[in-house]
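J.: I'd like to ask you about the structure that follows.
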2 protein chains.
Amino acid sequence: MSKNPARVARKPGRPREQRADRAIVNATLELFADEGYHALSLEAVAVAAGVSKATIYRRWPGKRELVLDALAALNDDFPAPADAASDRSTRELLMTALHHIASRDADSLSGRIMPRMMTYRVSQPDLYAEYFDRVIMPRRQWLFAVLRRGIERQELRADLDVALAAAALIGPIMLELHNAGRLAAAMPDKLMDLLWPGLSAGTSAGT
Amino acid sequence: MSKNPARVARKPGRPREQRADRAIVNATLELFADEGYHALSLEAVAVAAGVSKATIYRRWPGKRELVLDALAALNDDFPAPADAASDRSTRELLMTALHHIASRDADSLSGRIMPRMMTYRVSQPDLYAEYFDRVIMPRRQWLFAVLRRGIERQELRADLDVALAAAALIGPIMLELHNAGRLAAAMPDKLMDLLWPGLSAGTSAGT
DNA sequence: GATATTCGATACGAGACCGTCGCGTATCGG
DNA sequence: CCGATACGCGACGGTCTCGTATCGAATATC
């Protein structure tokens, strides 16, 4: 009776603090966003996480592995893909996405990390790949799905280039966000007004 | 007769190598684009410039001043503002600008520096300010001028938000450039096709 | 030729950081 | 209570960088 057969032999000794992992990862993300990979020091992470440096090295082999793990833990609070299946109009769905992106100002965690990762695309491909798969791809896929559905429903023009349209929606917001650090509240709506004639199936093909 | 009154007392001793200044600045820009401020080492600059470290310190007080000077020396090969006064159509002028931006791939000097500077907007405001004044502002002003002229000529809609339109033109290209590192050749033209209905005065106001 | 300044090369001190280790202590199962 | 493993603290060696200093050689004016 002293042994629970369902519970696999638990390791002896003092168990690890679960909070430590999360604290280390969070501190790493915060400092990485502010300082970048090179300027990020594990000693600063240890202090910020309220943890000793040895504790970090007990869990990760080194700095690079820690940063990679931290990037993988970036929780992307983008709206669930399920939204794409709702019966709201395509324009409404796109506006939701635009407002969501605009609402995180450039000083948020993922907002600060984004331009940083762009600089690592060439110099630190492994870091970039992790970020790309984790953050960029999901919202690209989400946008693509909404746009394709809009085409099927004949709300968007049949010959629309989905990738181009996605860039046209996101690019201007990113640019303003990172150049000025903030966004006029009406910017997403005005952007949609500007783009809609070229996106929608309503206008004549022109040319 | 031994003294030329027109020539002010020239300093004795060995004069400085003029080429050295340019070589140092160029090496600094190149390494800064690749490594960023923190990872940039003056020893690497010295080697790349074919110069001794002492030569650098004879001309600049320190690392920060050197980088600031190098950024100020970034020659921006954007088309001259005089182009805005030509009699080409607004759409043609805008296409020229878009192609110009698209032609520098993300691995060019200014292309690599751009996202780097975005990360310094908060953490290193002096570096960002230098870059903003030197690179961002000129092409913003150029675009604004073209767009305003287009409104006056009634080629663009009268109620067009100039800043928004500029972001809509540049943002998508920047995004694609830095996400993928390259651009489909037809991208600028297709982008203009997408945006033009919302920009031009030709379409009905809609809504 | 005397003098002054720059040149490249190189050594140096101070400090930051990485990654490792040892110490004493806390917390688990048996 | 014991063994095992976790913890925080702090020291250490090695490496890197900044910025200064020193050297003989080169190049200019007077």
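The chains in the structure tokens are called A, B, ... from first to last as shown; in each chain the residues are counted from 1, and the ligands are counted from 1 in the order shown.
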Rotate and translate chain B onto chain A via least squares on all in-order Cα pairs, then write the result as a PDB file with C-alpha atoms, in the first residue's frame.
T.:
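Listing of out.pdb after writing:
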```pdb
ATOM      1  CA  MET B   1       1.690  -1.361   0.464  1.00  0.00           C
ATOM      2  CA  SER B   2       4.370   1.229   0.688  1.00  0.00           C
ATOM      3  CA  LYS B   3       4.610   1.421  -3.054  1.00  0.00           C
ATOM      4  CA  ASN B   4       1.935   2.705  -5.334  1.00  0.00           C
ATOM      5  CA  PRO B   5       2.201   0.616  -8.543  1.00  0.00           C
ATOM      6  CA  ALA B   6       0.347   3.212 -10.615  1.00  0.00           C
ATOM      7  CA  ARG B   7       2.789   5.939  -9.703  1.00  0.00           C
ATOM      8  CA  VAL B   8       6.093   5.464 -11.466  1.00  0.00           C
ATOM      9  CA  ALA B   9       9.155   5.692  -9.275  1.00  0.00           C
ATOM     10  CA  ARG B  10       9.247   9.344  -8.332  1.00  0.00           C
ATOM     11  CA  LYS B  11      12.669  10.796  -8.018  1.00  0.00           C
ATOM     12  CA  PRO B  12      13.968  11.319  -4.531  1.00  0.00           C
ATOM     13  CA  GLY B  13      15.361  14.616  -3.382  1.00  0.00           C
ATOM     14  CA  ARG B  14      13.963  18.085  -3.499  1.00  0.00           C
ATOM     15  CA  PRO B  15      11.734  18.637  -6.517  1.00  0.00           C
ATOM     16  CA  ARG B  16      12.188  21.629  -8.797  1.00  0.00           C
ATOM     17  CA  GLU B  17      10.214  24.781  -8.314  1.00  0.00           C
ATOM     18  CA  GLN B  18       7.643  24.909 -11.077  1.00  0.00           C
ATOM     19  CA  ARG B  19       7.307  28.654 -10.860  1.00  0.00           C
ATOM     20  CA  ALA B  20      10.976  29.073 -11.622  1.00  0.00           C
ATOM     21  CA  ASP B  21      10.647  27.818 -15.200  1.00  0.00           C
ATOM     22  CA  ARG B  22       7.960  30.322 -16.044  1.00  0.00           C
ATOM     23  CA  ALA B  23       9.734  33.152 -14.258  1.00  0.00           C
ATOM     24  CA  ILE B  24      12.956  32.471 -16.129  1.00  0.00           C
ATOM     25  CA  VAL B  25      11.243  32.270 -19.500  1.00  0.00           C
ATOM     26  CA  ASN B  26       9.280  35.458 -18.897  1.00  0.00           C
ATOM     27  CA  ALA B  27      12.348  37.364 -17.768  1.00  0.00           C
ATOM     28  CA  THR B  28      14.226  36.086 -20.788  1.00  0.00           C
ATOM     29  CA  LEU B  29      11.546  37.291 -23.177  1.00  0.00           C
ATOM     30  CA  GLU B  30      11.348  40.674 -21.518  1.00  0.00           C
ATOM     31  CA  LEU B  31      15.085  41.245 -21.564  1.00  0.00           C
ATOM     32  CA  PHE B  32      15.483  39.780 -25.023  1.00  0.00           C
ATOM     33  CA  ALA B  33      12.893  42.211 -26.348  1.00  0.00           C
ATOM     34  CA  ASP B  34      14.735  45.124 -24.772  1.00  0.00           C
ATOM     35  CA  GLU B  35      18.340  44.174 -25.323  1.00  0.00           C
ATOM     36  CA  GLY B  36      18.522  41.589 -28.087  1.00  0.00           C
ATOM     37  CA  TYR B  37      20.437  38.347 -28.061  1.00  0.00           C
ATOM     38  CA  HIS B  38      23.937  39.669 -27.583  1.00  0.00           C
ATOM     39  CA  ALA B  39      23.210  42.190 -24.864  1.00  0.00           C
ATOM     40  CA  LEU B  40      21.011  39.752 -22.998  1.00  0.00           C
ATOM     41  CA  SER B  41      22.917  38.438 -19.986  1.00  0.00           C
ATOM     42  CA  LEU B  42      21.947  35.379 -18.015  1.00  0.00           C
ATOM     43  CA  GLU B  43      22.898  37.152 -14.830  1.00  0.00           C
ATOM     44  CA  ALA B  44      20.313  39.818 -15.580  1.00  0.00           C
ATOM     45  CA  VAL B  45      17.792  37.072 -16.311  1.00  0.00           C
ATOM     46  CA  ALA B  46      18.569  35.430 -12.975  1.00  0.00           C
ATOM     47  CA  VAL B  47      18.056  38.679 -11.088  1.00  0.00           C
ATOM     48  CA  ALA B  48      14.852  39.550 -12.939  1.00  0.00           C
ATOM     49  CA  ALA B  49      13.460  36.068 -12.370  1.00  0.00           C
ATOM     50  CA  GLY B  50      14.425  36.061  -8.687  1.00  0.00           C
ATOM     51  CA  VAL B  51      16.501  32.971  -9.268  1.00  0.00           C
ATOM     52  CA  SER B  52      20.121  31.986  -9.008  1.00  0.00           C
ATOM     53  CA  LYS B  53      22.208  31.488 -12.100  1.00  0.00           C
ATOM     54  CA  ALA B  54      22.825  27.851 -11.204  1.00  0.00           C
ATOM     55  CA  THR B  55      19.077  27.227 -11.374  1.00  0.00           C
ATOM     56  CA  ILE B  56      19.053  28.393 -14.971  1.00  0.00           C
ATOM     57  CA  TYR B  57      21.934  26.158 -15.950  1.00  0.00           C
ATOM     58  CA  ARG B  58      20.260  23.197 -14.286  1.00  0.00           C
ATOM     59  CA  ARG B  59      17.387  23.546 -16.749  1.00  0.00           C
ATOM     60  CA  TRP B  60      19.006  24.731 -19.951  1.00  0.00           C
ATOM     61  CA  PRO B  61      22.368  23.837 -21.459  1.00  0.00           C
ATOM     62  CA  GLY B  62      23.154  27.433 -22.334  1.00  0.00           C
ATOM     63  CA  LYS B  63      22.033  30.847 -23.435  1.00  0.00           C
ATOM     64  CA  ARG B  64      20.977  29.947 -26.956  1.00  0.00           C
ATOM     65  CA  GLU B  65      18.788  27.039 -25.898  1.00  0.00           C
ATOM     66  CA  LEU B  66      17.123  29.209 -23.293  1.00  0.00           C
ATOM     67  CA  VAL B  67      16.295  31.947 -25.774  1.00  0.00           C
ATOM     68  CA  LEU B  68      14.971  29.425 -28.282  1.00  0.00           C
ATOM     69  CA  ASP B  69      12.745  27.859 -25.651  1.00  0.00           C
ATOM     70  CA  ALA B  70      11.538  31.278 -24.552  1.00  0.00           C
ATOM     71  CA  LEU B  71      10.616  32.212 -28.115  1.00  0.00           C
ATOM     72  CA  ALA B  72       8.745  28.955 -28.507  1.00  0.00           C
ATOM     73  CA  ALA B  73       6.792  29.890 -25.388  1.00  0.00           C
ATOM     74  CA  LEU B  74       5.684  33.203 -26.859  1.00  0.00           C
ATOM     75  CA  ASN B  75       1.953  32.938 -26.486  1.00  0.00           C
ATOM     76  CA  ASP B  76       0.372  34.426 -29.493  1.00  0.00           C
ATOM     77  CA  ASP B  77      -2.944  35.897 -28.485  1.00  0.00           C
ATOM     78  CA  PHE B  78      -4.169  36.145 -32.014  1.00  0.00           C
ATOM     79  CA  PRO B  79      -7.895  35.401 -32.436  1.00  0.00           C
ATOM     80  CA  ALA B  80      -8.627  31.716 -32.826  1.00  0.00           C
ATOM     81  CA  PRO B  81      -8.883  30.340 -36.368  1.00  0.00           C
ATOM     82  CA  ALA B  82     -12.393  29.253 -35.428  1.00  0.00           C
ATOM     83  CA  ASP B  83     -13.437  32.855 -35.996  1.00  0.00           C
ATOM     84  CA  ALA B  84     -12.872  32.346 -39.676  1.00  0.00           C
ATOM     85  CA  ALA B  85     -15.803  29.960 -39.725  1.00  0.00           C
ATOM     86  CA  SER B  86     -18.268  32.454 -38.286  1.00  0.00           C
ATOM     87  CA  ASP B  87     -20.853  34.070 -40.492  1.00  0.00           C
ATOM     88  CA  ARG B  88     -19.614  37.597 -40.059  1.00  0.00           C
ATOM     89  CA  SER B  89     -18.747  39.435 -43.230  1.00  0.00           C
ATOM     90  CA  THR B  90     -15.222  39.284 -44.572  1.00  0.00           C
ATOM     91  CA  ARG B  91     -14.735  42.995 -44.067  1.00  0.00           C
ATOM     92  CA  GLU B  92     -15.759  42.679 -40.438  1.00  0.00           C
ATOM     93  CA  LEU B  93     -13.360  39.795 -39.855  1.00  0.00           C
ATOM     94  CA  LEU B  94     -10.506  41.690 -41.423  1.00  0.00           C
ATOM     95  CA  MET B  95     -11.275  44.760 -39.343  1.00  0.00           C
ATOM     96  CA  THR B  96     -11.131  42.640 -36.206  1.00  0.00           C
ATOM     97  CA  ALA B  97      -7.669  41.436 -37.137  1.00  0.00           C
ATOM     98  CA  LEU B  98      -6.471  44.938 -37.972  1.00  0.00           C
ATOM     99  CA  HIS B  99      -7.729  46.383 -34.722  1.00  0.00           C
ATOM    100  CA  HIS B 100      -6.137  43.549 -32.820  1.00  0.00           C
ATOM    101  CA  ILE B 101      -2.766  44.198 -34.373  1.00  0.00           C
ATOM    102  CA  ALA B 102      -3.107  47.931 -33.936  1.00  0.00           C
ATOM    103  CA  SER B 103      -4.060  47.603 -30.288  1.00  0.00           C
ATOM    104  CA  ARG B 104      -0.712  46.209 -29.253  1.00  0.00           C
ATOM    105  CA  ASP B 105       1.418  49.268 -29.421  1.00  0.00           C
ATOM    106  CA  ALA B 106       5.000  49.011 -30.538  1.00  0.00           C
ATOM    107  CA  ASP B 107       6.183  48.759 -26.951  1.00  0.00           C
ATOM    108  CA  SER B 108       4.415  45.483 -26.235  1.00  0.00           C
ATOM    109  CA  LEU B 109       6.430  42.309 -25.949  1.00  0.00           C
ATOM    110  CA  SER B 110       5.743  40.836 -29.364  1.00  0.00           C
ATOM    111  CA  GLY B 111       5.833  44.309 -30.894  1.00  0.00           C
ATOM    112  CA  ARG B 112       9.342  44.856 -29.630  1.00  0.00           C
ATOM    113  CA  ILE B 113      10.503  41.404 -30.611  1.00  0.00           C
ATOM    114  CA  MET B 114       9.269  41.601 -34.195  1.00  0.00           C
ATOM    115  CA  PRO B 115      11.811  44.029 -35.696  1.00  0.00           C
ATOM    116  CA  ARG B 116      14.509  42.336 -33.650  1.00  0.00           C
ATOM    117  CA  MET B 117      13.767  39.038 -35.328  1.00  0.00           C
ATOM    118  CA  MET B 118      13.906  40.662 -38.734  1.00  0.00           C
ATOM    119  CA  THR B 119      17.508  41.560 -38.068  1.00  0.00           C
ATOM    120  CA  TYR B 120      18.229  37.937 -37.167  1.00  0.00           C
ATOM    121  CA  ARG B 121      16.816  36.517 -40.385  1.00  0.00           C
ATOM    122  CA  VAL B 122      20.310  36.395 -41.855  1.00  0.00           C
ATOM    123  CA  SER B 123      22.628  36.491 -38.848  1.00  0.00           C
ATOM    124  CA  GLN B 124      20.788  34.066 -36.547  1.00  0.00           C
ATOM    125  CA  PRO B 125      18.615  31.851 -38.734  1.00  0.00           C
ATOM    126  CA  ASP B 126      17.641  29.454 -35.956  1.00  0.00           C
ATOM    127  CA  LEU B 127      16.181  32.224 -33.812  1.00  0.00           C
ATOM    128  CA  TYR B 128      14.365  33.654 -36.798  1.00  0.00           C
ATOM    129  CA  ALA B 129      12.932  30.300 -37.810  1.00  0.00           C
ATOM    130  CA  GLU B 130      11.510  29.723 -34.347  1.00  0.00           C
ATOM    131  CA  TYR B 131       9.824  33.117 -34.347  1.00  0.00           C
ATOM    132  CA  PHE B 132       8.602  32.769 -37.896  1.00  0.00           C
ATOM    133  CA  ASP B 133       6.920  29.433 -37.230  1.00  0.00           C
ATOM    134  CA  ARG B 134       5.544  30.538 -33.913  1.00  0.00           C
ATOM    135  CA  VAL B 135       4.223  34.037 -34.648  1.00  0.00           C
ATOM    136  CA  ILE B 136       4.338  34.977 -38.297  1.00  0.00           C
ATOM    137  CA  MET B 137       2.958  31.810 -39.842  1.00  0.00           C
ATOM    138  CA  PRO B 138      -0.148  31.437 -37.652  1.00  0.00           C
ATOM    139  CA  ARG B 139      -1.460  34.897 -38.382  1.00  0.00           C
ATOM    140  CA  ARG B 140      -0.555  34.586 -42.035  1.00  0.00           C
ATOM    141  CA  GLN B 141      -2.588  31.407 -42.194  1.00  0.00           C
ATOM    142  CA  TRP B 142      -5.450  33.039 -40.363  1.00  0.00           C
ATOM    143  CA  LEU B 143      -5.516  36.002 -42.736  1.00  0.00           C
ATOM    144  CA  PHE B 144      -5.182  33.757 -45.758  1.00  0.00           C
ATOM    145  CA  ALA B 145      -8.144  31.695 -44.637  1.00  0.00           C
ATOM    146  CA  VAL B 146     -10.340  34.747 -44.184  1.00  0.00           C
ATOM    147  CA  LEU B 147      -9.326  36.133 -47.548  1.00  0.00           C
ATOM    148  CA  ARG B 148      -9.918  32.838 -49.360  1.00  0.00           C
ATOM    149  CA  ARG B 149     -13.327  32.518 -47.775  1.00  0.00           C
ATOM    150  CA  GLY B 150     -14.097  36.039 -48.918  1.00  0.00           C
ATOM    151  CA  ILE B 151     -13.230  35.096 -52.483  1.00  0.00           C
ATOM    152  CA  GLU B 152     -15.411  32.003 -52.325  1.00  0.00           C
ATOM    153  CA  ARG B 153     -18.283  34.071 -51.007  1.00  0.00           C
ATOM    154  CA  GLN B 154     -17.689  36.556 -53.805  1.00  0.00           C
ATOM    155  CA  GLU B 155     -17.184  39.371 -51.325  1.00  0.00           C
ATOM    156  CA  LEU B 156     -13.645  39.801 -52.647  1.00  0.00           C
ATOM    157  CA  ARG B 157     -12.589  39.931 -56.256  1.00  0.00           C
ATOM    158  CA  ALA B 158     -11.967  36.532 -57.802  1.00  0.00           C
ATOM    159  CA  ASP B 159      -8.475  37.314 -59.080  1.00  0.00           C
ATOM    160  CA  LEU B 160      -7.226  38.620 -55.736  1.00  0.00           C
ATOM    161  CA  ASP B 161      -3.656  37.671 -54.785  1.00  0.00           C
ATOM    162  CA  VAL B 162      -4.115  36.492 -51.215  1.00  0.00           C
ATOM    163  CA  ALA B 163      -0.513  36.965 -50.113  1.00  0.00           C
ATOM    164  CA  LEU B 164      -0.414  40.453 -51.582  1.00  0.00           C
ATOM    165  CA  ALA B 165      -3.657  41.436 -49.905  1.00  0.00           C
ATOM    166  CA  ALA B 166      -2.392  40.177 -46.546  1.00  0.00           C
ATOM    167  CA  ALA B 167       0.769  42.261 -46.900  1.00  0.00           C
ATOM    168  CA  ALA B 168      -1.281  45.288 -47.906  1.00  0.00           C
ATOM    169  CA  LEU B 169      -3.370  44.944 -44.763  1.00  0.00           C
ATOM    170  CA  ILE B 170      -0.613  44.307 -42.242  1.00  0.00           C
ATOM    171  CA  GLY B 171       2.373  46.144 -43.719  1.00  0.00           C
ATOM    172  CA  PRO B 172       1.135  49.734 -43.312  1.00  0.00           C
ATOM    173  CA  ILE B 173       0.197  49.150 -39.683  1.00  0.00           C
ATOM    174  CA  MET B 174       3.549  47.585 -38.862  1.00  0.00           C
ATOM    175  CA  LEU B 175       5.380  50.430 -40.555  1.00  0.00           C
ATOM    176  CA  GLU B 176       3.551  53.191 -38.740  1.00  0.00           C
ATOM    177  CA  LEU B 177       3.741  51.335 -35.466  1.00  0.00           C
ATOM    178  CA  HIS B 178       7.492  51.022 -35.578  1.00  0.00           C
ATOM    179  CA  ASN B 179       8.299  54.338 -37.138  1.00  0.00           C
ATOM    180  CA  ALA B 180       6.234  56.452 -34.816  1.00  0.00           C
ATOM    181  CA  GLY B 181       5.667  54.040 -31.948  1.00  0.00           C
ATOM    182  CA  ARG B 182       1.961  54.685 -31.935  1.00  0.00           C
ATOM    183  CA  LEU B 183      -0.993  54.675 -34.245  1.00  0.00           C
ATOM    184  CA  ALA B 184      -3.797  57.119 -34.828  1.00  0.00           C
ATOM    185  CA  ALA B 185      -6.916  55.490 -33.444  1.00  0.00           C
ATOM    186  CA  ALA B 186      -8.755  55.784 -36.740  1.00  0.00           C
ATOM    187  CA  MET B 187      -5.881  54.362 -38.765  1.00  0.00           C
ATOM    188  CA  PRO B 188      -7.181  50.789 -39.227  1.00  0.00           C
ATOM    189  CA  ASP B 189     -10.586  51.997 -40.367  1.00  0.00           C
ATOM    190  CA  LYS B 190      -9.150  54.534 -42.757  1.00  0.00           C
ATOM    191  CA  LEU B 191      -6.758  51.918 -44.106  1.00  0.00           C
ATOM    192  CA  MET B 192      -9.641  49.589 -44.798  1.00  0.00           C
ATOM    193  CA  ASP B 193     -11.498  52.394 -46.566  1.00  0.00           C
ATOM    194  CA  LEU B 194      -8.462  52.911 -48.746  1.00  0.00           C
ATOM    195  CA  LEU B 195      -7.956  49.238 -49.556  1.00  0.00           C
ATOM    196  CA  TRP B 196     -11.530  48.069 -49.904  1.00  0.00           C
ATOM    197  CA  PRO B 197     -12.160  49.352 -53.440  1.00  0.00           C
ATOM    198  CA  GLY B 198      -9.209  47.253 -54.618  1.00  0.00           C
ATOM    199  CA  LEU B 199     -10.152  44.218 -52.554  1.00  0.00           C
ATOM    200  CA  SER B 200     -13.881  43.974 -53.020  1.00  0.00           C
ATOM    201  CA  ALA B 201     -15.735  42.346 -55.854  1.00  0.00           C
ATOM    202  CA  GLY B 202     -17.989  45.358 -56.060  1.00  0.00           C
ATOM    203  CA  THR B 203     -15.836  47.599 -58.211  1.00  0.00           C
ATOM    204  CA  SER B 204     -15.411  47.078 -61.904  1.00  0.00           C
ATOM    205  CA  ALA B 205     -12.156  45.453 -62.953  1.00  0.00           C
ATOM    206  CA  GLY B 206     -10.864  48.747 -64.301  1.00  0.00           C
ATOM    207  CA  THR B 207      -7.854  48.958 -66.637  1.00  0.00           C
TER     208      THR B 207
END
```
J.: Using only C-alpha atoms (C1' of nucleotides), find each residue of chain D with at least one atom at most 12 Å away from an atom of chain B; report its shortest atom-to-atom pair and that distance in Å (one decimal), sort the rows by chain and rising residue number, and return the result as a Markdown table.
T.:
```
| residue | atom | partner | partner_atom | distance |
| --- | --- | --- | --- | --- |
| D:DC16 | C1' | B:Ser41 | CA | 9.6 |
| D:DT17 | C1' | B:Ser41 | CA | 6.9 |
| D:DC18 | C1' | B:Leu42 | CA | 8.3 |
| D:DG19 | C1' | B:Gly62 | CA | 7.8 |
| D:DT20 | C1' | B:Ala54 | CA | 9.4 |
| D:DA21 | C1' | B:Ala54 | CA | 10.0 |
| D:DT22 | C1' | B:Ala54 | CA | 11.3 |
| D:DA25 | C1' | B:Arg14 | CA | 11.9 |
| D:DA26 | C1' | B:Arg14 | CA | 8.0 |
| D:DT27 | C1' | B:Arg14 | CA | 4.7 |
| D:DA28 | C1' | B:Arg14 | CA | 4.3 |
| D:DT29 | C1' | B:Pro12 | CA | 4.6 |
| D:DC30 | C1' | B:Pro12 | CA | 8.3 |
```
J.: DSSP on the backbone, then: every residue of stretch 15-182 of chain A marked helix (DSSP H, G or I), written as a ChimeraX atom specification.
T.: /A:18-39,42-49,53-59,63-72,81-85,90-103,109-123,125-152,162-180
J.: What residues in chain C have any atom no more than 12 Å from chain A when counting only C-alpha atoms (C1' of nucleotides), and can you write them as a PyMOL selection string?
T.: chain C and resi 16-22+26-30
J.: Write the residues you've just listed into a file as a PDB file, in the first residue's frame, and include N, CA and C atoms (P, O5', C5', C4', C3', O3' and C1' of nucleotides) for each of them.
T.:
```pdb
ATOM      1  P    DA C  16      31.172  46.359 -14.932  1.00  0.00           P
ATOM      2  O5'  DA C  16      30.590  45.349 -16.017  1.00  0.00           O
ATOM      3  C5'  DA C  16      30.392  45.825 -17.343  1.00  0.00           C
ATOM      4  C4'  DA C  16      30.272  44.641 -18.283  1.00  0.00           C
ATOM      5  C3'  DA C  16      29.319  43.569 -17.755  1.00  0.00           C
ATOM      6  O3'  DA C  16      28.304  43.339 -18.723  1.00  0.00           O
ATOM      7  C1'  DA C  16      31.422  42.620 -18.434  1.00  0.00           C
ATOM      8  P    DC C  17      27.009  42.538 -18.308  1.00  0.00           P
ATOM      9  O5'  DC C  17      27.327  41.065 -18.803  1.00  0.00           O
ATOM     10  C5'  DC C  17      27.612  40.860 -20.181  1.00  0.00           C
ATOM     11  C4'  DC C  17      28.293  39.524 -20.346  1.00  0.00           C
ATOM     12  C3'  DC C  17      27.556  38.357 -19.664  1.00  0.00           C
ATOM     13  O3'  DC C  17      26.819  37.644 -20.651  1.00  0.00           O
ATOM     14  C1'  DC C  17      29.958  38.240 -19.464  1.00  0.00           C
ATOM     15  P    DC C  18      25.947  36.387 -20.231  1.00  0.00           P
ATOM     16  O5'  DC C  18      26.911  35.162 -20.509  1.00  0.00           O
ATOM     17  C5'  DC C  18      27.577  35.066 -21.759  1.00  0.00           C
ATOM     18  C4'  DC C  18      28.496  33.861 -21.768  1.00  0.00           C
ATOM     19  C3'  DC C  18      27.839  32.568 -21.305  1.00  0.00           C
ATOM     20  O3'  DC C  18      28.194  31.509 -22.178  1.00  0.00           O
ATOM     21  C1'  DC C  18      29.766  33.040 -19.974  1.00  0.00           C
ATOM     22  P    DG C  19      27.172  30.258 -22.337  1.00  0.00           P
ATOM     23  O5'  DG C  19      27.804  29.264 -21.270  1.00  0.00           O
ATOM     24  C5'  DG C  19      29.133  28.791 -21.511  1.00  0.00           C
ATOM     25  C4'  DG C  19      29.723  28.240 -20.242  1.00  0.00           C
ATOM     26  C3'  DG C  19      28.870  27.215 -19.492  1.00  0.00           C
ATOM     27  O3'  DG C  19      29.588  25.998 -19.397  1.00  0.00           O
ATOM     28  C1'  DG C  19      29.819  28.787 -18.014  1.00  0.00           C
ATOM     29  P    DT C  20      29.038  24.755 -18.553  1.00  0.00           P
ATOM     30  O5'  DT C  20      29.952  24.843 -17.242  1.00  0.00           O
ATOM     31  C5'  DT C  20      31.364  24.958 -17.412  1.00  0.00           C
ATOM     32  C4'  DT C  20      32.053  24.915 -16.054  1.00  0.00           C
ATOM     33  C3'  DT C  20      31.547  23.815 -15.105  1.00  0.00           C
ATOM     34  O3'  DT C  20      32.651  23.070 -14.628  1.00  0.00           O
ATOM     35  C1'  DT C  20      31.542  25.924 -14.005  1.00  0.00           C
ATOM     36  P    DC C  21      32.395  21.727 -13.763  1.00  0.00           P
ATOM     37  O5'  DC C  21      32.632  22.246 -12.269  1.00  0.00           O
ATOM     38  C5'  DC C  21      33.789  23.045 -11.986  1.00  0.00           C
ATOM     39  C4'  DC C  21      33.694  23.594 -10.570  1.00  0.00           C
ATOM     40  C3'  DC C  21      33.140  22.610  -9.538  1.00  0.00           C
ATOM     41  O3'  DC C  21      34.147  22.300  -8.590  1.00  0.00           O
ATOM     42  C1'  DC C  21      32.176  24.796  -9.314  1.00  0.00           C
ATOM     43  P    DG C  22      33.855  21.112  -7.536  1.00  0.00           P
ATOM     44  O5'  DG C  22      33.682  21.939  -6.177  1.00  0.00           O
ATOM     45  C5'  DG C  22      34.577  23.007  -5.887  1.00  0.00           C
ATOM     46  C4'  DG C  22      34.065  23.797  -4.696  1.00  0.00           C
ATOM     47  C3'  DG C  22      33.506  22.944  -3.550  1.00  0.00           C
ATOM     48  O3'  DG C  22      33.929  23.482  -2.304  1.00  0.00           O
ATOM     49  C1'  DG C  22      31.866  24.482  -4.289  1.00  0.00           C
ATOM     50  P    DA C  26      17.743  26.297   5.934  1.00  0.00           P
ATOM     51  O5'  DA C  26      16.834  25.668   4.786  1.00  0.00           O
ATOM     52  C5'  DA C  26      16.450  26.495   3.688  1.00  0.00           C
ATOM     53  C4'  DA C  26      15.709  25.659   2.655  1.00  0.00           C
ATOM     54  C3'  DA C  26      14.518  24.854   3.204  1.00  0.00           C
ATOM     55  O3'  DA C  26      13.443  24.992   2.291  1.00  0.00           O
ATOM     56  C1'  DA C  26      16.020  23.407   2.088  1.00  0.00           C
ATOM     57  P    DT C  27      11.950  24.583   2.709  1.00  0.00           P
ATOM     58  O5'  DT C  27      11.770  23.186   1.968  1.00  0.00           O
ATOM     59  C5'  DT C  27      11.825  23.151   0.544  1.00  0.00           C
ATOM     60  C4'  DT C  27      11.846  21.712   0.077  1.00  0.00           C
ATOM     61  C3'  DT C  27      10.774  20.795   0.707  1.00  0.00           C
ATOM     62  O3'  DT C  27      10.089  20.147  -0.347  1.00  0.00           O
ATOM     63  C1'  DT C  27      12.875  19.764   0.739  1.00  0.00           C
ATOM     64  P    DC C  28       8.552  19.659  -0.170  1.00  0.00           P
ATOM     65  O5'  DC C  28       8.661  18.050  -0.281  1.00  0.00           O
ATOM     66  C5'  DC C  28       8.430  17.433  -1.514  1.00  0.00           C
ATOM     67  C4'  DC C  28       9.462  16.345  -1.773  1.00  0.00           C
ATOM     68  C3'  DC C  28       9.137  14.979  -1.176  1.00  0.00           C
ATOM     69  O3'  DC C  28       8.228  14.285  -2.021  1.00  0.00           O
ATOM     70  C1'  DC C  28      11.491  15.478  -1.072  1.00  0.00           C
ATOM     71  P    DG C  29       7.343  13.094  -1.511  1.00  0.00           P
ATOM     72  O5'  DG C  29       8.353  11.855  -1.548  1.00  0.00           O
ATOM     73  C5'  DG C  29       8.846  11.412  -2.803  1.00  0.00           C
ATOM     74  C4'  DG C  29       9.793  10.248  -2.627  1.00  0.00           C
ATOM     75  C3'  DG C  29       9.167   9.014  -1.965  1.00  0.00           C
ATOM     76  O3'  DG C  29       9.665   7.834  -2.569  1.00  0.00           O
ATOM     77  C1'  DG C  29      10.951   9.834  -0.605  1.00  0.00           C
ATOM     78  P    DG C  30       9.007   6.451  -2.133  1.00  0.00           P
ATOM     79  O5'  DG C  30      10.000   5.972  -0.977  1.00  0.00           O
ATOM     80  C5'  DG C  30      11.365   5.707  -1.321  1.00  0.00           C
ATOM     81  C4'  DG C  30      12.120   5.261  -0.088  1.00  0.00           C
ATOM     82  C3'  DG C  30      11.464   4.118   0.701  1.00  0.00           C
ATOM     83  O3'  DG C  30      12.446   3.171   1.083  1.00  0.00           O
ATOM     84  C1'  DG C  30      11.910   5.916   2.136  1.00  0.00           C
TER      85       DG C  30
END
```
J.: Which distance in Å separates atom C1' of D:DC1 and atom C1' of C:DT25, to one decimal?
T.: 16.9 Å
